[in-house]
Structures are given as structure tokens and as C-alpha cells.
file structure_17.cif (mmCIF, C-alpha atoms)
data_coords
loop_
_atom_site.label_atom_id
_atom_site.label_comp_id
_atom_site.auth_asym_id
_atom_site.auth_seq_id
_atom_site.Cartn_x
_atom_site.Cartn_y
_atom_site.Cartn_z
CA MET A 1 0.00 0.00 0.00
CA ASN A 2 1.23 3.50 -0.78
CA ASN A 3 0.17 6.48 1.32
CA ILE A 4 -1.60 8.42 -1.45
CA GLY A 5 -5.10 9.15 -0.16
CA GLN A 6 -4.35 8.10 3.43
CA ILE A 7 -6.75 9.79 5.90
CA LYS A 8 -5.94 8.15 9.26
CA PHE A 9 -2.67 8.49 11.15
CA ILE A 10 -0.89 7.21 14.24
CA ASN A 11 0.88 9.85 16.31
CA SER A 12 3.59 8.49 18.57
CA SER A 13 3.70 10.07 22.04
CA LEU A 14 7.13 10.22 23.64
CA LEU A 15 5.96 11.15 27.16
CA ASP A 16 7.43 8.00 28.74
CA LEU A 17 10.69 8.15 26.77
CA GLU A 18 13.45 8.43 29.37
CA ASN A 19 16.18 10.42 27.60
CA LYS A 20 14.35 13.23 25.80
CA GLU A 21 17.56 14.99 24.77
CA ASN A 22 18.17 12.03 22.48
CA ALA A 23 14.53 11.72 21.41
CA TYR A 24 15.58 12.33 17.80
CA ILE A 25 17.19 8.86 17.68
CA PHE A 26 13.88 7.17 18.48
CA ILE A 27 11.97 9.60 16.25
CA ASN A 28 14.15 8.72 13.26
CA LYS A 29 13.51 5.03 13.91
CA LEU A 30 9.76 5.68 13.92
CA ILE A 31 10.01 7.65 10.68
CA GLU A 32 12.01 4.88 9.00
CA ASN A 33 9.18 2.47 9.83
CA GLY A 34 6.41 4.70 8.50
CA ILE A 35 5.24 6.56 11.63
CA LYS A 36 5.88 10.21 10.74
CA ASN A 37 3.58 12.02 13.21
CA ILE A 38 5.15 12.72 16.61
CA HIS A 39 3.23 13.93 19.67
CA TYR A 40 5.01 16.08 22.28
CA ASP A 41 3.43 16.55 25.73
CA VAL A 42 4.22 19.74 27.66
CA MET A 43 3.10 20.31 31.26
CA ASP A 44 3.60 23.28 33.57
CA GLN A 45 3.29 21.17 36.75
CA LYS A 46 0.19 23.21 37.63
CA PHE A 47 -2.63 22.31 35.24
CA ALA A 48 -1.05 18.87 34.84
CA LYS A 49 1.86 17.37 36.72
CA ASN A 50 4.33 14.95 35.20
CA THR A 51 8.07 15.49 35.33
CA LYS A 52 8.51 13.41 32.17
CA SER A 53 7.00 16.14 29.98
CA PHE A 54 8.98 17.86 27.23
CA THR A 55 10.62 21.25 27.64
CA ILE A 56 10.68 23.81 24.84
CA GLU A 57 14.42 23.24 24.45
CA GLU A 58 13.93 19.49 24.02
CA ILE A 59 11.25 20.02 21.37
CA LYS A 60 13.52 22.44 19.50
CA LEU A 61 16.35 19.90 19.65
CA ALA A 62 14.09 17.18 18.24
CA TYR A 63 13.06 19.56 15.45
CA GLN A 64 16.69 20.35 14.59
CA LYS A 65 18.10 16.82 14.75
CA SER A 66 15.25 14.62 13.51
CA ASN A 67 14.28 13.82 9.97
CA SER A 68 11.25 15.69 8.65
CA HIS A 69 8.05 14.77 10.47
CA THR A 70 4.68 16.20 11.50
CA MET A 71 5.00 17.73 14.97
CA ASP A 72 2.00 18.12 17.24
CA VAL A 73 2.39 19.62 20.71
CA HIS A 74 -0.12 19.05 23.50
CA LEU A 75 0.01 21.89 26.04
CA MET A 76 -1.29 20.90 29.47
CA VAL A 77 -0.64 24.33 30.93
CA GLU A 78 -2.50 27.23 32.54
CA ASP A 79 -1.11 29.90 30.19
CA PRO A 80 -0.73 28.50 26.64
CA GLN A 81 0.12 31.81 24.95
CA LYS A 82 3.74 32.00 26.03
CA TRP A 83 4.34 28.44 24.84
CA ILE A 84 2.66 29.03 21.48
CA LYS A 85 4.98 31.96 20.78
CA GLU A 86 8.04 29.76 21.40
CA LEU A 87 6.77 26.80 19.36
CA ASP A 88 5.54 28.45 16.17
CA PHE A 89 7.72 26.11 14.07
CA VAL A 90 5.55 23.02 14.76
CA ASN A 91 2.49 21.87 12.78
CA TYR A 92 -0.15 21.61 15.52
CA ILE A 93 -0.43 23.02 19.04
CA SER A 94 -3.34 22.01 21.26
CA PHE A 95 -4.26 23.61 24.58
CA HIS A 96 -6.94 22.80 27.14
CA TYR A 97 -10.40 24.31 27.25
CA GLU A 98 -10.54 23.51 30.97
CA ALA A 99 -7.47 25.66 31.66
CA ILE A 100 -8.71 28.90 30.11
CA GLY A 101 -12.41 28.70 29.23
CA TYR A 102 -14.42 29.75 26.18
CA LYS A 103 -13.56 33.45 25.85
CA LYS A 104 -9.78 33.02 26.20
CA ALA A 105 -9.72 29.98 23.89
CA LEU A 106 -11.48 32.01 21.20
CA GLU A 107 -9.08 34.93 21.65
CA ILE A 108 -5.99 32.71 21.37
CA VAL A 109 -7.10 30.82 18.26
CA GLN A 110 -8.06 34.03 16.47
CA THR A 111 -4.69 35.59 17.36
CA TYR A 112 -2.20 32.81 16.70
CA GLN A 113 -3.63 30.34 14.18
CA THR A 114 -2.09 30.55 10.69
CA ASP A 115 -2.01 28.38 7.58
CA LYS A 116 1.27 26.94 8.84
CA LEU A 117 0.49 26.68 12.56
CA LYS A 118 -2.81 24.90 13.21
CA LEU A 119 -4.29 25.18 16.69
CA GLY A 120 -6.21 22.49 18.51
CA LEU A 121 -8.65 22.54 21.41
CA ALA A 122 -7.98 19.77 23.93
CA ILE A 123 -10.76 18.50 26.18
CA ASN A 124 -10.72 16.16 29.18
CA PRO A 125 -13.18 13.23 29.45
CA SER A 126 -15.56 15.23 31.67
CA THR A 127 -15.96 18.09 29.16
CA SER A 128 -19.04 17.62 27.00
CA PHE A 129 -19.60 18.22 23.30
CA GLU A 130 -22.20 20.89 24.10
CA GLU A 131 -19.67 22.93 26.11
CA ILE A 132 -17.28 23.32 23.17
CA LYS A 133 -19.64 22.98 20.19
CA ASP A 134 -19.51 26.65 19.19
CA LEU A 135 -15.69 26.66 19.31
CA ILE A 136 -15.16 23.70 16.97
CA LYS A 137 -15.44 25.76 13.78
CA GLU A 138 -12.57 28.02 14.94
CA PHE A 139 -10.02 25.24 15.40
CA LYS A 140 -8.22 22.96 12.95
CA LEU A 141 -7.99 20.16 15.51
CA ILE A 142 -10.05 18.83 18.42
CA LEU A 143 -7.94 16.72 20.79
CA ILE A 144 -10.22 14.41 22.78
CA MET A 145 -8.64 12.97 25.90
CA SER A 146 -9.84 9.45 26.66
CA VAL A 147 -7.99 9.56 29.99
CA GLN A 148 -7.29 12.36 32.45
CA ALA A 149 -4.55 14.67 31.12
CA GLY A 150 -1.08 14.34 32.57
CA GLN A 151 -0.36 10.67 33.20
CA GLY A 152 0.78 7.95 30.82
CA GLY A 153 -0.34 4.31 30.97
CA GLN A 154 -4.03 4.92 31.79
CA SER A 155 -6.85 2.79 30.39
CA PHE A 156 -9.09 3.99 27.56
CA GLN A 157 -12.56 5.15 28.65
CA PRO A 158 -15.02 3.53 26.18
CA GLN A 159 -17.77 6.14 26.69
CA ILE A 160 -15.54 8.60 24.81
CA ILE A 161 -16.64 6.95 21.54
CA ASP A 162 -20.02 8.71 21.77
CA LYS A 163 -18.28 12.09 22.05
CA ILE A 164 -16.14 11.34 18.99
CA VAL A 165 -19.26 10.50 16.98
CA GLN A 166 -20.99 13.72 18.10
CA ILE A 167 -18.05 15.91 17.13
CA LYS A 168 -17.55 14.12 13.80
CA GLN A 169 -21.24 14.57 12.97
CA TYR A 170 -20.99 18.30 13.69
CA ILE A 171 -17.88 18.63 11.51
CA LEU A 172 -19.59 16.90 8.58
CA GLU A 173 -22.84 18.85 8.96
CA ASN A 174 -20.91 22.12 8.76
CA SER A 175 -18.30 21.04 6.15
CA LEU A 176 -15.45 21.97 8.48
CA ASP A 177 -11.80 21.22 7.80
CA THR A 178 -11.32 20.25 11.45
CA LYS A 179 -9.52 17.04 12.40
CA ILE A 180 -10.11 14.85 15.45
CA MET A 181 -7.31 13.44 17.59
CA ILE A 182 -7.71 10.90 20.39
CA ASP A 183 -5.16 10.54 23.19
CA GLY A 184 -5.04 8.13 26.10
CA GLY A 185 -4.94 4.37 26.49
CA ILE A 186 -4.99 3.64 22.75
CA LYS A 187 -3.78 0.14 21.92
CA LYS A 188 -3.58 -1.74 18.65
CA ASP A 189 -6.95 -3.45 19.06
CA LEU A 190 -8.71 -0.08 19.54
CA LEU A 191 -7.49 1.59 16.35
CA ASP A 192 -10.24 0.40 14.01
CA LYS A 193 -12.89 1.33 16.58
CA VAL A 194 -11.74 4.93 17.08
CA PHE A 195 -10.99 5.45 13.38
CA PHE A 196 -14.49 4.20 12.48
CA ALA A 197 -16.03 6.61 15.01
CA GLY A 198 -14.35 9.53 13.23
CA VAL A 199 -10.84 9.97 14.63
CA ASP A 200 -8.17 11.21 12.20
CA PHE A 201 -5.13 10.99 14.51
CA ALA A 202 -4.68 8.33 17.20
CA VAL A 203 -1.98 9.06 19.79
CA MET A 204 -0.17 5.98 21.06
CA GLY A 205 2.52 6.21 23.72
CA SER A 206 3.11 3.26 26.02
CA TYR A 207 2.05 0.74 23.38
CA ILE A 208 4.63 1.97 20.85
CA LEU A 209 7.44 2.17 23.40
CA ASN A 210 6.72 -1.43 24.39
CA ASN A 211 6.50 -2.62 20.77
CA SER A 212 9.23 -0.60 19.08
CA ASP A 213 10.93 -3.23 16.92
CA SER A 214 10.75 -2.53 13.18
CA GLU A 215 8.35 -5.38 12.39
CA SER A 216 5.85 -4.24 15.06
CA LEU A 217 6.05 -0.60 13.98
CA LYS A 218 5.47 -1.42 10.32
CA SER A 219 2.56 -3.70 11.21
CA LEU A 220 1.06 -0.96 13.37
CA ASN A 221 1.47 1.68 10.67
CA SER A 222 -0.32 -0.53 8.14
CA LEU A 223 -3.47 -0.34 10.30
CA SER A 224 -3.73 3.39 9.65
CA LEU A 225 -2.30 3.35 6.14
CA LYS A 226 -5.17 1.21 4.82
CA TRP A 227 -7.85 3.86 5.55
CA LYS A 228 -8.56 5.95 2.45
CA GLU A 229 -11.45 7.91 0.98
CA ILE A 230 -12.95 9.15 -2.26
CA TYR A 231 -16.15 11.09 -3.02
CA LEU A 232 -18.39 9.76 -5.80
CA ALA A 233 -21.42 11.33 -7.50
CA GLY A 234 -23.46 9.13 -9.81
CA GLY A 235 -27.06 10.29 -9.77
CA CYS A 236 -29.41 9.83 -6.81
CA PHE A 237 -27.26 9.27 -3.74
CA TRP A 238 -29.66 6.68 -2.28
CA GLY A 239 -28.66 4.08 -4.85
CA MET A 240 -25.05 5.23 -5.00
CA GLN A 241 -24.63 4.70 -1.26
CA ALA A 242 -26.32 1.29 -1.34
CA TRP A 243 -24.05 0.19 -4.19
CA LEU A 244 -20.87 1.44 -2.49
CA LYS A 245 -21.73 -0.31 0.76
CA ILE A 246 -21.54 -3.72 -0.96
CA GLN A 247 -18.22 -3.07 -2.69
CA LYS A 248 -15.14 -4.97 -1.60
CA GLY A 249 -13.21 -3.04 1.04
CA ALA A 250 -16.12 -0.78 2.03
CA ILE A 251 -15.74 0.60 5.56
CA LYS A 252 -18.10 3.56 5.88
CA THR A 253 -20.29 5.83 3.77
CA TRP A 254 -22.15 9.12 4.19
CA VAL A 255 -24.41 10.89 1.71
CA GLY A 256 -24.16 14.64 1.33
CA TYR A 257 -23.94 17.67 -0.91
CA ALA A 258 -20.57 18.42 -2.51
CA ASN A 259 -19.13 21.59 -4.02
CA SER A 260 -22.07 23.74 -2.99
CA ASP A 261 -22.14 27.45 -3.77
CA ILE A 262 -24.20 28.16 -0.64
CA ILE A 263 -23.54 27.33 3.01
CA LYS A 264 -25.28 24.26 4.49
CA PRO A 265 -27.56 23.40 1.56
CA LEU A 266 -30.61 21.25 2.16
CA TYR A 267 -32.26 18.76 -0.19
CA GLN A 268 -34.92 21.30 -1.13
CA ASP A 269 -32.22 23.80 -2.14
CA LEU A 270 -31.02 21.36 -4.79
CA ILE A 271 -34.53 20.50 -5.96
CA HIS A 272 -35.45 24.18 -6.39
CA LYS A 273 -32.07 25.09 -7.94
CA ARG A 274 -30.98 27.31 -5.06
CA SER A 275 -27.67 25.45 -4.94
CA LYS A 276 -25.36 23.98 -7.56
CA ALA A 277 -24.26 21.21 -5.21
CA VAL A 278 -24.11 17.62 -6.40
CA GLU A 279 -25.54 14.60 -4.58
CA THR A 280 -22.42 12.75 -3.47
CA VAL A 281 -21.31 9.82 -1.32
CA GLN A 282 -18.23 9.95 0.85
CA PHE A 283 -16.70 6.47 0.58
CA ILE A 284 -14.13 5.29 3.10
CA TYR A 285 -12.46 2.05 2.11
CA ASP A 286 -9.77 -0.43 3.09
CA SER A 287 -6.97 -0.08 0.54
CA SER A 288 -5.53 -3.45 1.56
CA GLN A 289 -8.62 -5.03 -0.03
CA THR A 290 -9.21 -2.77 -3.03
CA SER A 291 -7.64 0.16 -4.86
CA LEU A 292 -8.62 3.59 -6.12
CA ASN A 293 -8.21 2.31 -9.67
CA GLN A 294 -10.62 -0.59 -9.04
CA ILE A 295 -13.19 1.64 -7.34
CA VAL A 296 -13.17 4.21 -10.15
CA ASN A 297 -13.30 1.48 -12.81
CA ASN A 298 -16.33 -0.22 -11.22
CA PHE A 299 -18.05 3.13 -10.63
CA LEU A 300 -17.74 4.19 -14.28
CA LEU A 301 -19.06 0.84 -15.49
CA THR A 302 -22.03 0.96 -13.10
CA ILE A 303 -23.39 4.44 -13.88
CA ASP A 304 -23.67 6.14 -17.27
CA PRO A 305 -20.59 8.41 -17.24
CA THR A 306 -21.54 9.90 -20.62
CA SER A 307 -24.74 11.52 -19.30
CA VAL A 308 -24.70 15.27 -18.67
CA ASN A 309 -26.72 16.29 -15.59
CA PHE A 310 -28.85 13.16 -15.39
CA GLN A 311 -28.83 9.48 -14.48
CA ALA A 312 -31.79 7.28 -15.48
CA HIS A 313 -34.98 9.15 -14.47
CA ASP A 314 -33.19 11.74 -12.33
CA VAL A 315 -32.60 15.00 -14.19
CA GLY A 316 -30.85 18.10 -12.92
CA ILE A 317 -27.43 19.54 -12.20
CA GLN A 318 -27.45 17.84 -8.79
CA TYR A 319 -27.34 14.47 -10.60
CA ARG A 320 -24.19 15.13 -12.63
CA ASN A 321 -21.52 12.49 -12.20
CA GLY A 322 -18.16 13.18 -10.67
CA ILE A 323 -15.16 11.97 -8.70
CA TYR A 324 -13.79 14.23 -5.97
CA TRP A 325 -11.15 14.15 -3.26
CA ASN A 326 -10.41 16.39 -0.30
CA HIS A 327 -7.29 18.21 -1.49
CA ASN A 328 -6.83 19.80 1.95
CA ASN A 329 -5.78 16.39 3.29
CA PHE A 330 -2.85 15.95 0.94
CA SER A 331 0.28 17.57 -0.44
CA GLU A 332 0.31 19.13 -3.90
CA ASN A 333 2.26 16.15 -5.24
CA ASP A 334 -0.23 13.68 -3.75
CA ASN A 335 -3.16 15.65 -5.17
CA ASN A 336 -1.61 15.58 -8.64
CA GLU A 337 -0.88 11.86 -8.35
CA MET A 338 -4.48 11.10 -7.33
CA LYS A 339 -5.85 13.12 -10.23
CA GLN A 340 -3.57 11.41 -12.74
CA GLU A 341 -4.49 7.97 -11.42
CA ILE A 342 -8.21 8.76 -11.79
CA LEU A 343 -7.78 10.20 -15.31
CA LYS A 344 -5.74 7.18 -16.36
CA THR A 345 -8.58 4.87 -15.31
CA ILE A 346 -11.16 7.03 -17.09
CA ASN A 347 -9.13 6.85 -20.31
CA LYS A 348 -9.10 3.05 -20.11
CA VAL A 349 -12.84 2.82 -19.42
CA GLN A 350 -13.59 5.18 -22.33
CA ASN A 351 -13.08 2.20 -24.66
CA ASN A 352 -16.37 0.78 -23.33
CA TYR A 353 -18.42 3.80 -24.47
CA GLN A 354 -19.06 5.38 -27.87
CA LYS A 355 -19.88 8.80 -26.42
CA PRO A 356 -17.24 10.71 -24.43
CA ILE A 357 -17.13 10.31 -20.67
CA VAL A 358 -18.13 13.60 -19.00
CA THR A 359 -17.34 12.67 -15.40
CA GLU A 360 -16.06 15.61 -13.35
CA VAL A 361 -12.64 15.05 -11.78
CA LEU A 362 -12.24 17.86 -9.27
CA ASN A 363 -10.95 18.86 -5.87
CA LEU A 364 -13.60 18.78 -3.17
CA ASP A 365 -14.35 22.36 -2.12
CA ASN A 366 -16.90 21.34 0.50
CA PHE A 367 -19.10 18.44 1.57
CA TYR A 368 -22.17 18.98 3.74
CA LEU A 369 -23.78 15.97 5.37
CA ALA A 370 -27.29 15.36 4.03
CA GLU A 371 -30.33 15.20 6.28
CA GLU A 372 -30.58 12.11 8.50
CA TYR A 373 -33.50 10.58 6.57
CA HIS A 374 -31.29 10.37 3.46
CA GLN A 375 -28.56 8.39 5.25
CA ASP A 376 -28.82 4.66 4.38
CA TYR A 377 -32.17 5.44 2.76
CA LEU A 378 -32.59 2.11 0.98
CA ASP A 379 -31.86 0.20 4.20
CA LYS A 380 -34.66 2.14 5.89
CA ASN A 381 -36.98 1.89 2.88
CA PRO A 382 -36.55 -1.50 1.15
CA GLY A 383 -37.94 -1.50 -2.35
CA ALA A 384 -37.72 2.27 -2.77
CA TYR A 385 -36.57 3.77 -6.09
CA CYS A 386 -33.00 3.05 -7.14
CA HIS A 387 -31.39 3.80 -10.49
CA ILE A 388 -28.61 1.26 -9.92
CA LYS A 389 -29.08 -2.49 -10.17
CA LEU A 390 -27.90 -3.89 -6.84
#

call {"tool": "encode", "arguments": {"input": "structure_17.cif", "output": "C-alpha cells"}}
result
Amino acid sequence: MNNIGQIKFINSSLLDLENKENAYIFINKLIENGIKNIHYDVMDQKFAKNTKSFTIEEIKLAYQKSNSHTMDVHLMVEDPQKWIKELDFVNYISFHYEAIGYKKALEIVQTYQTDKLKLGLAINPSTSFEEIKDLIKEFKLILIMSVQAGQGGQSFQPQIIDKIVQIKQYILENSLDTKIMIDGGIKKDLLDKVFFAGVDFAVMGSYILNNSDSESLKSLNSLSLKWKEIYLAGGCFWGMQAWLKIQKGAIKTWVGYANSDIIKPLYQDLIHKRSKAVETVQFIYDSSQTSLNQIVNNFLLTIDPTSVNFQAHDVGIQYRNGIYWNHNNFSENDNNEMKQEILKTINKVQNNYQKPIVTEVLNLDNFYLAEEYHQDYLDKNPGAYCHIKL
């Protein structure tokens, strides 16, 4: 498996690493074995107490001596501002809602977040979704603690899954480019569960330190590497979702409205031409069982890719066919590679049709989750209309 299209990642926490001045040695070993996201815990011994936490100097040393990697810093401190100023070279910095409250959290994110430095809001297990709901849209990351902040080696609290699902639902409903990270008690057998719930980054500390041989690290990395996604539009999304759910490698699907020119479109907005959005299915799949090439090939042979703004009896711009991917998740090179792979498959499939294929191949500008009654519609309504033979 290559990493083009990968959407789930393991972040290695080094909290329990004894010699942090030489952390770069262990970091480089992780990178060599595919784990390229490193999680740095910082505590002020007030909000959270643990003498094993990283200092600013140790993080800077890791940055200078390690091979290139994604750096995320978890601040368990009472005053995050002074730390943010010193650590503006990292990729993500998260700080705790419980330490500063709503007003201060909003002020900090609006002051310090940039395209390069993404800020995250960290929440302890006792903090509810409702408390932080209105802040989610401001942050690029929500760090959900599944244990109490500050101590390594704690057990995962299973009730946290419900909170992950709530936050993921809110992100999808509002087409936010906000990622979810989970930290605390994550072991190998929990990865699929938290990823399925909606987590993008899973922090693993004690487990990785206790299983740090190359074979174990590569095996662990493959569990995140397999998760990939693509967005497909092929007429009415009821049938499209039902068809995708039975494809080899299918993990999860949502129906929604892609590339809308208005905020939070509803089904009636598409019907009455108040939005140019297209009915689309987000398809998450296991790339160890199938490939992007196979998915695109089967998709183009299942719909009519030569039809402009209709499929079967469904007519309108919302029924145009297209293939989309979230370019914000990937580098420019990866985006180009995905596009070329899709176009290459389209060119091969063209031999099966006399008329030219008109399938859109575009970046995903936005994707708003459709109303609940549209989700898994054909499961809820057996025998309802479907333009695809299942």
C-alpha cells in the first residue's frame, strides 16, 4: 500500500521516553518504519503534573536533529500563549479548554492560528460536546482525551466513543476542515474502533514504546495506512450509497452535498435550484482489499458516465456524475498523483463507451452531510426507487 489518499494516522507520544535529549534517535527510527507524526506533551506542573513532559528546548532539539516529520504539541498548561509563541515552528499546538475557558480559547485561536500553525482545542473526558460545540469551527484540531490529562499508561474510557461521533457529525454537517485526535490508552486493538467513530489521529505512547521493533512498527502503521477515501457522485445518492456499501473493502459511507455554492444546503435547495451542489457519497475504504483504480473502474461501469446532468430518471445539475477528493488532506504532489491515477482509469474505461465520458474530476471544495433521513435510505426503505441495479 502507498500512502496516497491516506486519511488516518498514528501519532507516537514520547511522554514516557526516558532520555528526551536524544529523542531524535527514536523519532528517526519511527520515521524509517512509517510513523511520521510525533506527539510532544508539555506540562507546567500546575494544570497537569508529570516530570517526564517535554521542555521547549527538548522540542527544539528534536526539530533540529530529527528527519522531517509532522510535529504536534499538547500543552497541558495554565497559560498556553507564552508556549505558542516559542513553538511556532511546529504543525499543531493544542491547549486545554478547561485551563482557560471559552472566551480566552477564542481569543488565542483568532490571534495565533495561521495556515502553517494549526491550533487544537484539547478536552478532558468530563468536558461535553455541548460545552465546546460553538468553538469547533474556529479550530483545525479537536484533541479528545480518553484519559485524564497528565499521566501515561491509563486505560481507555469507552464512553468517549459517543463524544467522537458527536463531534464528527458536527464537523460533517458544517463542512469543516477540522480534524479529530484521540489521546489516552490507545492500543492496537482499539485503532479500528476509534478510526471508524471519526478519529483522524490516534496518539499511542506506552504501546509503541513497548512494541518498538521494526516489524511491530510497520505492522502498526499498516493499520492506519489502509484507511482511504474518495467522493463519488453518480445520480441519486440513495442508490449510489447502497451500491458502495456492498463493494469490496467498504468501511463507511455518508451521503451529502458536494461543491455547494451556498452554506449548508438542504435537499430542497437542490430541488429548487438554489444550490449547484451535487448529490455525493463519501466512501471510506480499506486499501488493503481494493484500490482507487478498481473503485473508479467499477463506478464508471455501473453508472452512465456519458450523461450530462442526469442518471436514469433523475434529471438536474445535482445528478451530474463526478469523482472528488479532499485536497486539503494531501500535499500538492499527492493531489496531482491522485488526479492522474483517476484520469488514467477514465481513459481506459472510455473504450467501453461510444460517447465521451463527461465525469467531473475535481478537488472537493466542500461536503455537507445530508439530512438524516437520506442516510442509508434504501436500508430504511426497502424496495424504494434506485437507479442502480444492486

call {"tool": "resolve_selection", "arguments": {"input": "structure_17.cif", "expression": "the PyMOL selection byres ((chain A and resi 255) around 7)", "output": "PyMOL selection string"}}
result
chain A and resi 237+241+253-254+256+280-282+369-370+375

call {"tool": "closest_atom_pairs", "arguments": {"input": "structure_17.cif", "of": "range 112-228 of chain A", "to": "range 290-309 of chain A", "cutoff": "12 Å", "atoms": "all atoms listed in the file", "output": "Markdown table"}}
result
| residue | atom | partner | partner_atom | distance |
| --- | --- | --- | --- | --- |
| A:Lys226 | CA | A:Thr290 | CA | 9.7 |
| A:Trp227 | CA | A:Thr290 | CA | 10.9 |
| A:Lys228 | CA | A:Leu292 | CA | 8.9 |

call {"tool": "resolve_selection", "arguments": {"input": "structure_17.cif", "expression": "the PyMOL selection byres ((chain A and resi 90) around 7)", "output": "PyMOL selection string"}}
result
chain A and resi 71-72+87-89+91-92+117

call {"tool": "closest_residue", "arguments": {"input": "structure_17.cif", "among": "A:Ile342, A:Met204, A:Leu232, A:Ile182", "to": "Asn321 in chain A", "atoms": "only C-alpha atoms"}}
result
A:Leu232

call {"tool": "atom_distance", "arguments": {"input": "structure_17.cif", "atom1": "CA of Leu30 in chain A", "atom2": "CA of Lys8 in chain A"}}
result
16.6 Å

call {"tool": "residues_around", "arguments": {"input": "structure_17.cif", "residues": "Gln45 in chain A", "least_positions_apart": "6", "cutoff": "9 Å", "atoms": "all atoms listed in the file", "output": "PyMOL selection string"}}
result
chain A and resi 51+76-77

call {"tool": "residues_near_point", "arguments": {"input": "structure_17.cif", "point": "(-0.4, -2.4, 11.3)", "cutoff": "12 Å", "atoms": "all atoms listed in the file", "output": "list in words"}}
result
Met1, Phe9, Ile10, Asn33, Gly34, Ile35, Lys187, Lys188, Asp189, Leu190, Leu191, Asp192, Ile208, Asn211, Ser214, Glu215, Ser216, Leu217, Lys218, Ser219, Leu220, Asn221, Ser222, Leu223, Ser224, Leu225, Lys226, Trp227 and Ser288 of chain A

call {"tool": "closest_residue", "arguments": {"input": "structure_17.cif", "among": "A:Glu138, A:Asp177, A:Glu18, A:Asp41", "to": "Ile93 in chain A", "atoms": "all atoms listed in the file"}}
result
A:Asp41

call {"tool": "resolve_selection", "arguments": {"input": "structure_17.cif", "expression": "the PyMOL selection byres ((chain A and resi 385) around 12)", "output": "PyMOL selection string"}}
result
chain A and resi 236-240+242+312-314+377-379+381-384+386-390

call {"tool": "closest_residue", "arguments": {"input": "structure_17.cif", "among": "A:Leu135, A:Ala122, A:Val315, A:Val199", "to": "Gln110 in chain A", "atoms": "only C-alpha atoms"}}
result
A:Leu135

call {"tool": "closest_residue", "arguments": {"input": "structure_17.cif", "among": "A:Asn28, A:Gln340, A:Thr114, A:Ser66", "to": "Ile84 in chain A", "atoms": "all atoms listed in the file"}}
result
A:Thr114

call {"tool": "atom_distance", "arguments": {"input": "structure_17.cif", "atom1": "CA of Ile180 in chain A", "atom2": "CA of Ile142 in chain A"}}
result
5.0 Å

call {"tool": "atom_distance", "arguments": {"input": "structure_17.cif", "atom1": "CA of Ile38 in chain A", "atom2": "CA of Ser13 in chain A"}}
result
6.2 Å
